[in-house]
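**Student:** What follows is run_39.tsv, made up of TSV, C-alpha atoms and all ligand atoms:
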```tsv
chain	number	residue	atom	x	y	z
L	1	GLU	CA	24.80	-2.75	-8.76
L	2	LYS	CA	23.23	-1.52	-5.52
L	3	GLY	CA	24.00	2.05	-6.59
L	4	GLY	CA	26.03	2.83	-3.47
L	5	HIS	CA	23.37	1.48	-1.09
L	6	ASP	CA	23.98	-1.35	1.38
L	7	TYR	CA	20.97	-3.31	0.18
L	8	PHE	CA	18.81	-3.56	-2.91
L	9	MET	CA	15.90	-2.70	-0.65
L	10	LEU	CA	17.42	0.71	0.20
L	11	LYS	CA	18.21	1.32	-3.45
L	12	GLU	CA	14.62	0.50	-4.38
L	13	ILE	CA	13.22	2.72	-1.62
L	14	ALA	CA	15.38	5.56	-2.96
L	15	GLU	CA	14.07	4.94	-6.48
L	16	GLN	CA	10.47	5.59	-5.46
L	17	PRO	CA	10.22	9.21	-6.66
L	18	ARG	CA	11.38	8.11	-10.11
L	19	ALA	CA	9.15	5.01	-10.09
L	20	VAL	CA	6.07	7.06	-9.21
L	21	ALA	CA	6.88	9.67	-11.86
L	22	ASP	CA	7.39	6.97	-14.50
L	23	THR	CA	4.09	5.30	-13.61
L	24	LEU	CA	2.27	8.61	-14.09
L	25	ARG	CA	4.13	9.62	-17.24
L	26	GLY	CA	1.98	9.86	-20.36
L	27	ARG	CA	-1.17	8.96	-18.48
L	28	LEU	CA	-2.40	12.45	-17.54
L	29	THR	CA	-3.62	15.03	-20.02
L	30	ALA	CA	-2.77	18.74	-19.84
L	31	ASP	CA	-6.18	19.43	-18.31
L	32	GLY	CA	-5.68	16.86	-15.57
L	33	LEU	CA	-7.71	14.00	-17.00
L	34	VAL	CA	-6.60	10.39	-17.07
L	35	ASP	CA	-5.65	8.87	-20.41
L	36	LEU	CA	-4.99	5.12	-20.16
L	37	ASP	CA	-4.40	2.71	-22.99
L	38	LEU	CA	-6.78	-0.07	-22.05
L	39	GLY	CA	-6.91	-1.68	-25.48
L	40	GLY	CA	-10.30	-3.22	-26.01
L	41	LEU	CA	-11.34	-3.12	-22.35
L	42	ASP	CA	-14.58	-1.18	-22.05
L	43	LEU	CA	-15.21	0.29	-18.61
L	44	ARG	CA	-18.76	1.38	-19.40
L	45	ASP	CA	-21.50	-0.33	-17.37
L	46	VAL	CA	-19.13	-1.75	-14.78
L	47	ASP	CA	-21.42	-2.34	-11.80
L	48	LYS	CA	-19.02	-4.08	-9.45
L	49	VAL	CA	-15.26	-4.15	-8.99
L	50	TYR	CA	-13.25	-6.86	-7.26
L	51	VAL	CA	-9.58	-6.31	-6.56
L	52	VAL	CA	-7.60	-9.52	-6.05
L	53	ALA	CA	-3.97	-9.67	-4.93
L	54	CYS	CA	-1.60	-11.11	-2.31
L	55	GLY	CA	0.69	-9.70	0.36
L	56	THR	CA	1.87	-6.17	-0.30
L	57	ALA	CA	-0.14	-6.00	-3.54
L	58	TYR	CA	-3.23	-6.82	-1.47
L	59	HIS	CA	-2.52	-3.82	0.73
L	60	SER	CA	-2.30	-1.58	-2.34
L	61	GLY	CA	-5.64	-3.07	-3.41
L	62	MET	CA	-7.21	-2.05	-0.10
L	63	VAL	CA	-6.25	1.54	-0.86
L	64	ALA	CA	-7.61	1.14	-4.42
L	65	LYS	CA	-10.95	0.02	-3.01
L	66	TYR	CA	-11.27	3.19	-0.92
L	67	ALA	CA	-10.32	5.35	-3.92
L	68	ILE	CA	-12.58	3.56	-6.42
L	69	GLU	CA	-15.62	3.72	-4.17
L	70	GLN	CA	-15.08	7.34	-3.15
L	71	TRP	CA	-14.28	8.68	-6.59
L	72	ALA	CA	-16.26	6.46	-8.96
L	73	ARG	CA	-19.11	5.50	-6.60
L	74	VAL	CA	-19.04	1.91	-7.83
L	75	PRO	CA	-19.10	-0.91	-5.27
L	76	CYS	CA	-15.64	-2.41	-4.86
L	77	GLU	CA	-14.38	-5.34	-2.82
L	78	ILE	CA	-10.81	-6.30	-2.15
L	79	GLU	CA	-10.10	-9.96	-1.67
L	80	THR	CA	-7.09	-12.11	-0.93
L	81	ALA	CA	-6.47	-13.87	-4.23
L	82	SER	CA	-5.98	-17.29	-2.62
L	83	GLU	CA	-9.50	-17.17	-1.15
L	84	PHE	CA	-11.33	-15.72	-4.12
L	85	ARG	CA	-12.30	-18.61	-6.37
L	86	TYR	CA	-12.88	-21.10	-3.59
L	87	ARG	CA	-15.93	-19.28	-2.27
L	88	ASP	CA	-17.57	-19.05	-5.70
L	89	PRO	CA	-17.92	-15.25	-5.83
L	90	ILE	CA	-20.80	-13.73	-7.80
L	91	LEU	CA	-19.28	-12.53	-11.07
L	92	GLY	CA	-20.71	-11.57	-14.43
L	93	PRO	CA	-20.21	-9.36	-17.48
L	94	GLY	CA	-20.73	-6.20	-15.39
L	95	THR	CA	-17.91	-7.19	-13.05
L	96	LEU	CA	-14.44	-5.74	-13.41
L	97	VAL	CA	-11.74	-7.77	-11.68
L	98	ILE	CA	-8.48	-5.92	-11.07
L	99	ALA	CA	-5.57	-8.30	-10.45
L	100	ILE	CA	-2.55	-6.58	-8.86
L	101	SER	CA	0.84	-8.31	-9.00
L	102	GLN	CA	4.40	-7.03	-9.13
L	103	SER	CA	5.78	-10.22	-10.69
L	104	GLY	CA	2.78	-11.14	-12.79
L	105	GLU	CA	3.49	-14.76	-11.90
L	106	THR	CA	1.83	-15.19	-8.50
L	107	MET	CA	-0.17	-18.40	-8.84
L	108	ASP	CA	-2.88	-17.44	-6.34
L	109	THR	CA	-3.59	-14.23	-8.25
L	110	LEU	CA	-3.41	-15.96	-11.63
L	111	MET	CA	-5.92	-18.62	-10.56
L	112	ALA	CA	-8.26	-15.92	-9.24
L	113	LEU	CA	-8.15	-14.08	-12.55
L	114	ARG	CA	-8.67	-17.26	-14.57
L	115	HIS	CA	-11.72	-18.00	-12.46
L	116	ALA	CA	-13.03	-14.47	-13.05
L	117	LYS	CA	-12.60	-14.84	-16.81
L	118	GLU	CA	-14.36	-18.20	-16.84
L	119	GLN	CA	-17.29	-16.52	-15.11
L	120	GLY	CA	-17.46	-13.82	-17.80
L	121	ALA	CA	-15.91	-10.93	-15.84
L	122	ARG	CA	-13.61	-8.34	-17.42
L	123	VAL	CA	-10.06	-8.43	-16.11
L	124	LEU	CA	-7.59	-5.58	-15.75
L	125	ALA	CA	-4.04	-6.37	-14.59
L	126	ILE	CA	-1.86	-3.96	-12.63
L	127	CYS	CA	1.59	-5.41	-13.07
L	128	ASN	CA	5.29	-4.49	-13.02
L	129	SER	CA	6.78	-7.30	-15.13
L	130	HIS	CA	6.31	-6.88	-18.85
L	131	GLY	CA	5.07	-9.92	-20.71
L	132	SER	CA	4.45	-11.98	-17.57
L	133	THR	CA	1.53	-14.39	-17.31
L	134	ILE	CA	-1.03	-12.24	-15.45
L	135	PRO	CA	-1.02	-9.37	-17.99
L	136	ARG	CA	-0.94	-11.86	-20.88
L	137	GLU	CA	-4.16	-13.46	-19.64
L	138	SER	CA	-5.94	-10.17	-18.84
L	139	ASP	CA	-8.15	-8.05	-21.10
L	140	ALA	CA	-5.96	-5.01	-20.45
L	141	VAL	CA	-2.92	-4.10	-18.41
L	142	LEU	CA	-1.85	-1.03	-16.56
L	143	TYR	CA	1.89	-1.44	-16.18
L	144	THR	CA	3.60	0.03	-13.16
L	145	HIS	CA	6.95	1.38	-14.27
L	146	GLY	CA	8.89	0.55	-11.13
L	147	GLY	CA	11.70	-1.20	-12.98
L	148	PRO	CA	13.14	-4.49	-11.69
L	149	GLU	CA	12.57	-5.10	-7.99
L	150	ILE	CA	15.29	-7.37	-6.61
L	151	ALA	CA	14.73	-7.27	-2.83
L	152	VAL	CA	12.16	-9.82	-1.71
L	153	ALA	CA	10.39	-7.11	0.29
L	154	SER	CA	8.26	-5.06	-2.04
L	155	THR	CA	8.75	-1.28	-1.79
L	156	LYS	CA	8.74	0.67	-5.04
L	157	ALA	CA	6.30	-1.85	-6.49
L	158	PHE	CA	3.86	-0.96	-3.69
L	159	LEU	CA	4.01	2.77	-4.33
L	160	THR	CA	3.57	2.29	-8.05
L	161	GLN	CA	0.65	-0.10	-7.44
L	162	LEU	CA	-0.94	2.65	-5.37
L	163	VAL	CA	-0.50	5.05	-8.29
L	164	ALA	CA	-1.97	2.56	-10.77
L	165	GLY	CA	-4.93	1.95	-8.45
L	166	TYR	CA	-5.54	5.70	-8.23
L	167	LEU	CA	-5.37	5.99	-12.02
L	168	ALA	CA	-7.86	3.14	-12.43
L	169	GLY	CA	-10.19	4.77	-9.88
L	170	LEU	CA	-9.95	8.14	-11.61
L	171	ARG	CA	-10.54	6.54	-15.01
L	172	LEU	CA	-13.70	4.86	-13.70
L	173	ALA	CA	-14.78	8.16	-12.16
L	174	GLN	CA	-14.19	9.94	-15.47
L	175	GLU	CA	-16.34	7.35	-17.24
L	176	ARG	CA	-19.14	7.84	-14.74
L	177	ALA	CA	-18.70	11.63	-14.39
L	178	THR	CA	-18.74	11.34	-10.60
L	179	MET	CA	-15.93	13.85	-9.98
L	180	ASP	CA	-13.32	16.02	-11.65
L	181	PRO	CA	-10.09	13.97	-11.78
L	182	ALA	CA	-8.04	17.18	-12.03
L	183	GLU	CA	-8.67	17.76	-8.31
L	184	VAL	CA	-6.56	14.67	-7.64
L	185	THR	CA	-4.18	14.45	-10.58
L	186	ARG	CA	-2.43	17.73	-9.75
L	187	HIS	CA	-1.63	16.27	-6.32
L	188	LEU	CA	-0.43	13.01	-7.89
L	189	GLN	CA	1.94	15.01	-10.05
L	190	ALA	CA	3.41	16.64	-6.96
L	191	ALA	CA	4.10	13.28	-5.30
L	192	PRO	CA	7.56	12.53	-6.80
L	193	ALA	CA	9.05	15.81	-5.54
L	194	GLN	CA	7.37	15.33	-2.16
L	195	LEU	CA	8.84	11.82	-1.93
L	196	THR	CA	12.31	13.13	-2.71
L	197	ALA	CA	11.95	15.68	0.09
L	198	LEU	CA	10.61	13.02	2.47
L	199	LEU	CA	13.47	10.62	1.75
L	200	ASP	CA	15.90	13.37	2.74
L	201	THR	CA	14.44	13.45	6.26
L	202	MET	CA	14.85	9.77	7.16
L	203	ASP	CA	17.96	9.94	9.40
L	204	PRO	CA	15.93	10.11	12.65
L	205	VAL	CA	13.96	7.07	11.45
L	206	ARG	CA	17.20	5.12	11.03
L	207	LYS	CA	18.22	6.02	14.57
L	208	LEU	CA	14.78	5.06	15.86
L	209	ALA	CA	15.11	1.67	14.15
L	210	ARG	CA	18.16	0.86	16.25
L	211	ASP	CA	16.19	1.71	19.42
L	212	LEU	CA	13.29	-0.50	18.38
L	213	SER	CA	15.30	-3.51	17.28
L	214	ALA	CA	15.09	-5.25	20.66
L	215	ALA	CA	11.34	-4.80	21.16
L	216	PRO	CA	9.46	-8.08	21.67
L	217	GLN	CA	6.68	-7.00	19.34
L	218	VAL	CA	5.61	-3.93	17.39
L	219	LEU	CA	2.02	-2.90	16.76
L	220	PHE	CA	0.79	-0.64	13.97
L	221	ILE	CA	-2.47	1.27	13.96
L	222	GLY	CA	-4.19	3.38	11.32
L	223	ARG	CA	-7.61	4.26	9.99
L	224	HIS	CA	-9.14	4.72	6.54
L	225	VAL	CA	-6.24	4.32	4.08
L	226	GLY	CA	-3.89	4.39	7.07
L	227	PHE	CA	-5.20	0.92	7.95
L	228	PRO	CA	-3.64	-0.81	4.91
L	229	VAL	CA	-0.47	1.21	5.59
L	230	ALA	CA	-0.44	-0.22	9.14
L	231	LEU	CA	-0.83	-3.74	7.70
L	232	GLU	CA	1.96	-3.09	5.22
L	233	GLY	CA	4.29	-1.79	7.95
L	234	ALA	CA	3.63	-4.90	10.01
L	235	LEU	CA	4.15	-7.24	7.03
L	236	LYS	CA	7.51	-5.63	6.24
L	237	LEU	CA	8.65	-6.06	9.83
L	238	LYS	CA	7.54	-9.70	9.95
L	239	GLU	CA	9.23	-10.67	6.73
L	240	LEU	CA	12.50	-8.80	7.27
L	241	ALA	CA	13.04	-8.59	11.03
L	242	TYR	CA	11.21	-11.82	11.98
L	243	MET	CA	9.48	-9.88	14.73
L	244	HIS	CA	5.94	-10.26	15.91
L	245	ALA	CA	4.15	-7.34	14.33
L	246	GLU	CA	0.45	-6.70	13.80
L	247	GLY	CA	-1.46	-3.97	12.05
L	248	PHE	CA	-4.89	-2.93	13.24
L	249	ALA	CA	-7.65	-0.57	12.24
L	250	ALA	CA	-7.28	1.81	15.18
L	251	GLY	CA	-11.00	1.62	15.97
L	252	GLU	CA	-10.64	-2.13	16.54
L	253	LEU	CA	-8.10	-1.74	19.35
L	254	LYS	CA	-10.78	-1.56	22.01
L	255	HIS	CA	-12.33	-4.77	20.72
L	256	GLY	CA	-9.40	-6.88	21.84
L	257	PRO	CA	-5.92	-5.95	20.65
L	258	ILE	CA	-5.46	-3.24	23.28
L	259	ALA	CA	-4.85	-6.12	25.72
L	260	LEU	CA	-1.51	-6.63	23.94
L	261	ILE	CA	-0.25	-3.21	25.00
L	262	ASP	CA	2.36	-2.99	27.72
L	263	ASP	CA	5.31	-0.73	28.40
L	264	ALA	CA	7.63	-2.83	26.24
L	265	THR	CA	5.44	-2.44	23.15
L	266	PRO	CA	6.10	0.29	20.62
L	267	VAL	CA	2.96	1.33	18.75
L	268	ILE	CA	3.43	2.92	15.36
L	269	CYS	CA	0.51	5.21	14.64
L	270	VAL	CA	-0.43	6.33	11.13
L	271	VAL	CA	-2.41	9.53	11.57
L	272	PRO	CA	-4.93	10.81	8.98
L	273	SER	CA	-4.67	14.42	7.76
L	274	PRO	CA	-5.75	17.02	10.33
L	275	GLY	CA	-9.17	18.52	9.95
L	276	GLY	CA	-11.21	15.36	9.57
L	277	VAL	CA	-13.12	13.45	12.22
L	278	LEU	CA	-10.84	10.42	11.84
L	279	HIS	CA	-7.80	12.48	12.77
L	280	ASP	CA	-9.23	13.24	16.18
L	281	LYS	CA	-10.27	9.65	16.71
L	282	VAL	CA	-6.75	8.39	15.99
L	283	VAL	CA	-5.31	11.00	18.33
L	284	SER	CA	-7.60	9.55	21.03
L	285	ASN	CA	-6.35	6.06	20.20
L	286	ILE	CA	-2.78	7.26	20.58
L	287	GLN	CA	-3.62	8.67	24.01
L	288	GLU	CA	-5.26	5.35	24.97
L	289	VAL	CA	-2.25	3.21	24.10
L	290	ARG	CA	0.12	5.68	25.71
L	291	ALA	CA	-1.91	5.63	28.93
L	292	ARG	CA	-1.26	1.88	28.99
L	293	GLY	CA	2.48	2.37	28.80
L	294	ALA	CA	3.13	2.02	25.05
L	295	ARG	CA	5.85	4.02	23.39
L	296	THR	CA	4.19	5.87	20.52
L	297	ILE	CA	5.87	6.48	17.18
L	298	VAL	CA	3.60	8.81	15.28
L	299	ILE	CA	3.57	9.36	11.52
L	300	ALA	CA	1.61	12.53	10.85
L	301	GLU	CA	1.32	15.32	8.35
L	302	GLU	CA	3.84	18.15	8.68
L	303	GLY	CA	2.46	20.87	10.94
L	304	ASP	CA	0.06	18.53	12.78
L	305	GLU	CA	0.62	20.00	16.24
L	306	ALA	CA	-2.28	18.14	17.86
L	307	VAL	CA	-0.37	14.85	17.90
L	308	ARG	CA	2.88	16.24	19.28
L	309	PRO	CA	2.05	15.95	23.02
L	310	TYR	CA	1.30	12.22	22.61
L	311	ALA	CA	4.20	11.27	20.35
L	312	ASP	CA	7.32	9.78	21.89
L	313	ALA	CA	8.75	10.06	18.38
L	314	LEU	CA	7.18	12.10	15.60
L	315	ILE	CA	7.80	11.42	11.91
L	316	PRO	CA	6.37	14.22	9.75
L	317	VAL	CA	5.33	13.52	6.14
L	318	PRO	CA	4.35	15.97	3.38
L	319	PRO	CA	0.65	16.90	3.11
L	320	THR	CA	-1.57	15.18	0.54
L	321	PRO	CA	-5.31	14.73	0.03
L	322	ALA	CA	-6.54	11.98	2.39
L	323	LEU	CA	-6.64	9.15	-0.16
L	324	LEU	CA	-3.10	9.81	-1.42
L	325	ALA	CA	-1.49	9.77	2.04
L	326	PRO	CA	-0.21	6.15	1.75
L	327	LEU	CA	2.25	7.36	-0.91
L	328	MET	CA	3.99	9.23	1.93
L	329	THR	CA	3.19	7.40	5.16
L	330	THR	CA	4.48	4.04	3.88
L	331	VAL	CA	8.02	5.30	3.28
L	332	PRO	CA	9.16	5.62	6.92
L	333	LEU	CA	7.74	2.16	7.62
L	334	GLN	CA	9.85	0.68	4.81
L	335	ILE	CA	12.98	2.32	6.22
L	336	LEU	CA	12.13	1.19	9.76
L	337	ALA	CA	11.71	-2.45	8.72
L	338	CYS	CA	14.88	-2.43	6.65
L	339	GLU	CA	17.00	-0.85	9.38
L	340	ILE	CA	15.54	-2.96	12.20
L	341	ALA	CA	16.29	-6.11	10.18
L	342	ALA	CA	19.83	-4.91	9.53
L	343	ALA	CA	20.32	-4.05	13.23
L	344	ARG	CA	19.21	-7.59	14.10
L	345	GLY	CA	21.77	-8.99	11.68
L	346	HIS	CA	19.38	-10.39	9.09
L	347	ASP	CA	19.76	-10.63	5.35
L	348	VAL	CA	17.58	-7.71	4.31
L	349	ASP	CA	17.27	-8.60	0.63
L	350	GLN	CA	16.82	-12.36	1.04
L	351	PRO	CA	14.76	-13.06	4.17
L	352	ARG	CA	14.46	-16.66	5.29
L	353	ASN	CA	11.69	-18.88	3.93
L	354	LEU	CA	10.57	-16.36	1.29
L	355	ALA	CA	10.79	-16.19	-2.49
L	356	LYS	CA	10.41	-13.08	-4.64
L	357	SER	CA	7.73	-14.67	-6.70
L	358	VAL	CA	5.38	-17.33	-5.33
L	359	THR	CA	4.48	-19.54	-8.27
L	360	VAL	CA	2.68	-22.28	-6.34
L	361	GLU	CA	-0.83	-22.13	-4.97
M	401	LIG	O1	4.46	-10.47	-7.34
M	401	LIG	P1	3.25	-10.17	-6.50
M	401	LIG	O2	3.00	-8.71	-6.36
M	401	LIG	O3	2.02	-10.90	-6.98
M	401	LIG	O4	3.59	-10.74	-5.07
M	401	LIG	C1	2.64	-10.75	-4.04
M	401	LIG	C2	3.27	-11.04	-2.70
M	401	LIG	O5	3.86	-12.31	-2.70
M	401	LIG	C3	4.33	-10.00	-2.32
M	401	LIG	O6	3.80	-8.70	-2.32
M	401	LIG	C4	4.91	-10.27	-0.94
M	401	LIG	O7	3.93	-10.10	0.04
M	401	LIG	C5	6.14	-9.37	-0.67
M	401	LIG	N1	7.28	-10.18	-0.30
M	401	LIG	C6	5.90	-8.35	0.39
M	401	LIG	O8	7.00	-7.55	0.63
```
Represent the structure of the file as structure tokens.
**Tutor:**
Amino acid sequence: EKGGHDYFMLKEIAEQPRAVADTLRGRLTADGLVDLDLGGLDLRDVDKVYVVACGTAYHSGMVAKYAIEQWARVPCEIETASEFRYRDPILGPGTLVIAISQSGETMDTLMALRHAKEQGARVLAICNSHGSTIPRESDAVLYTHGGPEIAVASTKAFLTQLVAGYLAGLRLAQERATMDPAEVTRHLQAAPAQLTALLDTMDPVRKLARDLSAAPQVLFIGRHVGFPVALEGALKLKELAYMHAEGFAAGELKHGPIALIDDATPVICVVPSPGGVLHDKVVSNIQEVRARGARTIVIAEEGDEAVRPYADALIPVPPTPALLAPLMTTVPLQILACEIAAARGHDVDQPRNLAKSVTVE
């Protein structure tokens, strides 16, 4: 049932090219536009978007925020679902609330969406489980076609949530004529093959995991959409390896967290595509942590030679447009967490204290 893999998590990581392809299937037209079946949900006159979600789904929502604002030029906030309704957010008929949930049964997310509906907002669900409560109570649903996810740690659901968030952002952009979606959709269509190629290069990451398994803590840094990837990498390590792990926006390091760095601390650095200003800033951050003794594990685009001198270990990923990079950069972090947890002797698929679906508030 694990398809020859040691854990469901590894099976589900390996399924990601298929899961991404299935989530795209039938949703792109021949000329690169986005064609979503949103039933009666009208996206015209949306003047504000809130994304609400928990855990890994929240991290996918952070990426969606960046994509929605950049492509559709509509203000978008991402909020932890458990906080949303308790601060009485300002919602109305022009508000679109996007609730992201793999299970469709997460109580915090469900309560946030019920609150949004009571306040007159439109609600779009991004969900993996057909017929679950969150899509049933939403105005429309964009299903992720990940297939059943058994491991408690979310992997393929995350990548497919990213894809669904991109599709929603492109659909909003199409509505508002703010960009040509074809510039992005042709890159989305390339992602499954790129993921297959990336998964074939993970042996050094497995070896690295064994080296890192005794570290007292692991820090993750990233910028732009690399920031949510850093948070996701740290969450995976916490939940599976029970290690202290933190993700930071790399620019925040100097405001406090850099005091955590010592020569026993590996820092995993998610580097933006070369060519942009943020790339150079992250390279500087890598130099800063290395100067303080950290061992740097650098995830960067193939051919990024500028990072090489500062990388104690370099994990290359296939090139993508900046906003799509999390589809690639997340994968080595999933493998690292899984293999570190296994090296520490933990139950990878059933970590302590956690449930696959959290149905209490
Ligand atoms: O089913 P959901 O997507 O609503 O679940 C949300 C979180 O509970 C979930 O992503 C959790 O953080 C995962 N265990 C992370 O791997």
**Student:** Check which residues of segment 335-356 of chain L sit at most 6 Å from segment 195-214 of chain L using all atoms listed in the file, and return one row each with the closest pair of atoms and their distance in Å to one decimal, ordered by chain and rising number, as JSON lines.
**Tutor:**
```
{"residue": "L:Leu336", "atom": "CA", "partner": "L:Ala209", "partner_atom": "CA", "distance": 5.3}
{"residue": "L:Glu339", "atom": "CA", "partner": "L:Ala209", "partner_atom": "CA", "distance": 5.7}
{"residue": "L:Ile340", "atom": "CA", "partner": "L:Ala209", "partner_atom": "CA", "distance": 5.0}
```
**Student:** Just write the chosen residues, C-alpha atoms, as a short mmCIF file (atom, residue, chain, number, x, y, z; two decimals), keeping the file's coordinate frame.
**Tutor:**
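What follows is the written file selection_21.cif:
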```cif
data_model
loop_
_atom_site.label_atom_id
_atom_site.label_comp_id
_atom_site.auth_asym_id
_atom_site.auth_seq_id
_atom_site.Cartn_x
_atom_site.Cartn_y
_atom_site.Cartn_z
CA LEU L 336 12.13 1.19 9.76
CA GLU L 339 17.00 -0.85 9.38
CA ILE L 340 15.54 -2.96 12.20
#
```
**Student:** Mind giving me the straight-line distance from atom CA of Ile100 of chain L to atom CA of Met9 of chain L in Å, one decimal?
**Tutor:**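 Atom CA of Ile100 of chain L sits 20.6 Å away from atom CA of Met9 of chain L.
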**Student:** Have a look at L:Leu36, L:Arg223, L:Gln334, L:Gln350 and name the one nearest to Val277 of chain L; count all atoms listed in the file.
**Tutor:**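 Among the listed residues, the smallest separation from Val277 of chain L belongs to L:Arg223.
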**Student:** Using all atoms listed in the file, find the one residue out of L:Leu314, L:Val267, L:Ala341, L:Leu240 that sits nearest to ligand LIG 401 (chain M).
**Tutor:**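 Checking each of L:Leu314, L:Val267, L:Ala341, L:Leu240 against ligand LIG 401 (chain M), counting all atoms listed in the file, the winner is L:Leu240.
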**Student:** Please, what distance in Å, to one decimal, runs between atom C1 of ligand LIG 401 (chain M) and atom CA of Glu149 of chain L?
**Tutor:**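 Taking atom C1 of ligand LIG 401 (chain M) as the start and atom CA of Glu149 of chain L as the end point, the length is 12.1 Å.
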**Student:** Which of these residues is nearest to Ile297 of chain L, using only C-alpha atoms: L:Gly251, L:Ser103, L:Ala311, L:Asn285?
**Tutor:**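 Checking each candidate against Ile297 of chain L, we get L:Ala311 as the closest.
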**Student:** At a cut-off of 7 Å and counting all atoms listed in the file, what residues surround ligand LIG 401 (chain M)? Please answer as a VMD selection string.
**Tutor:** chain L and resid 53 to 57 100 to 106 109 152 to 155 235 to 236 356 to 358
**Student:** Rounded to one decimal, what separation in Å do you get between atom CA of Phe158 of chain L and atom CA of Glu12 of chain L?
**Tutor:**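 Value for the atom CA of Phe158 of chain L-atom CA of Glu12 of chain L distance: 10.9 Å.
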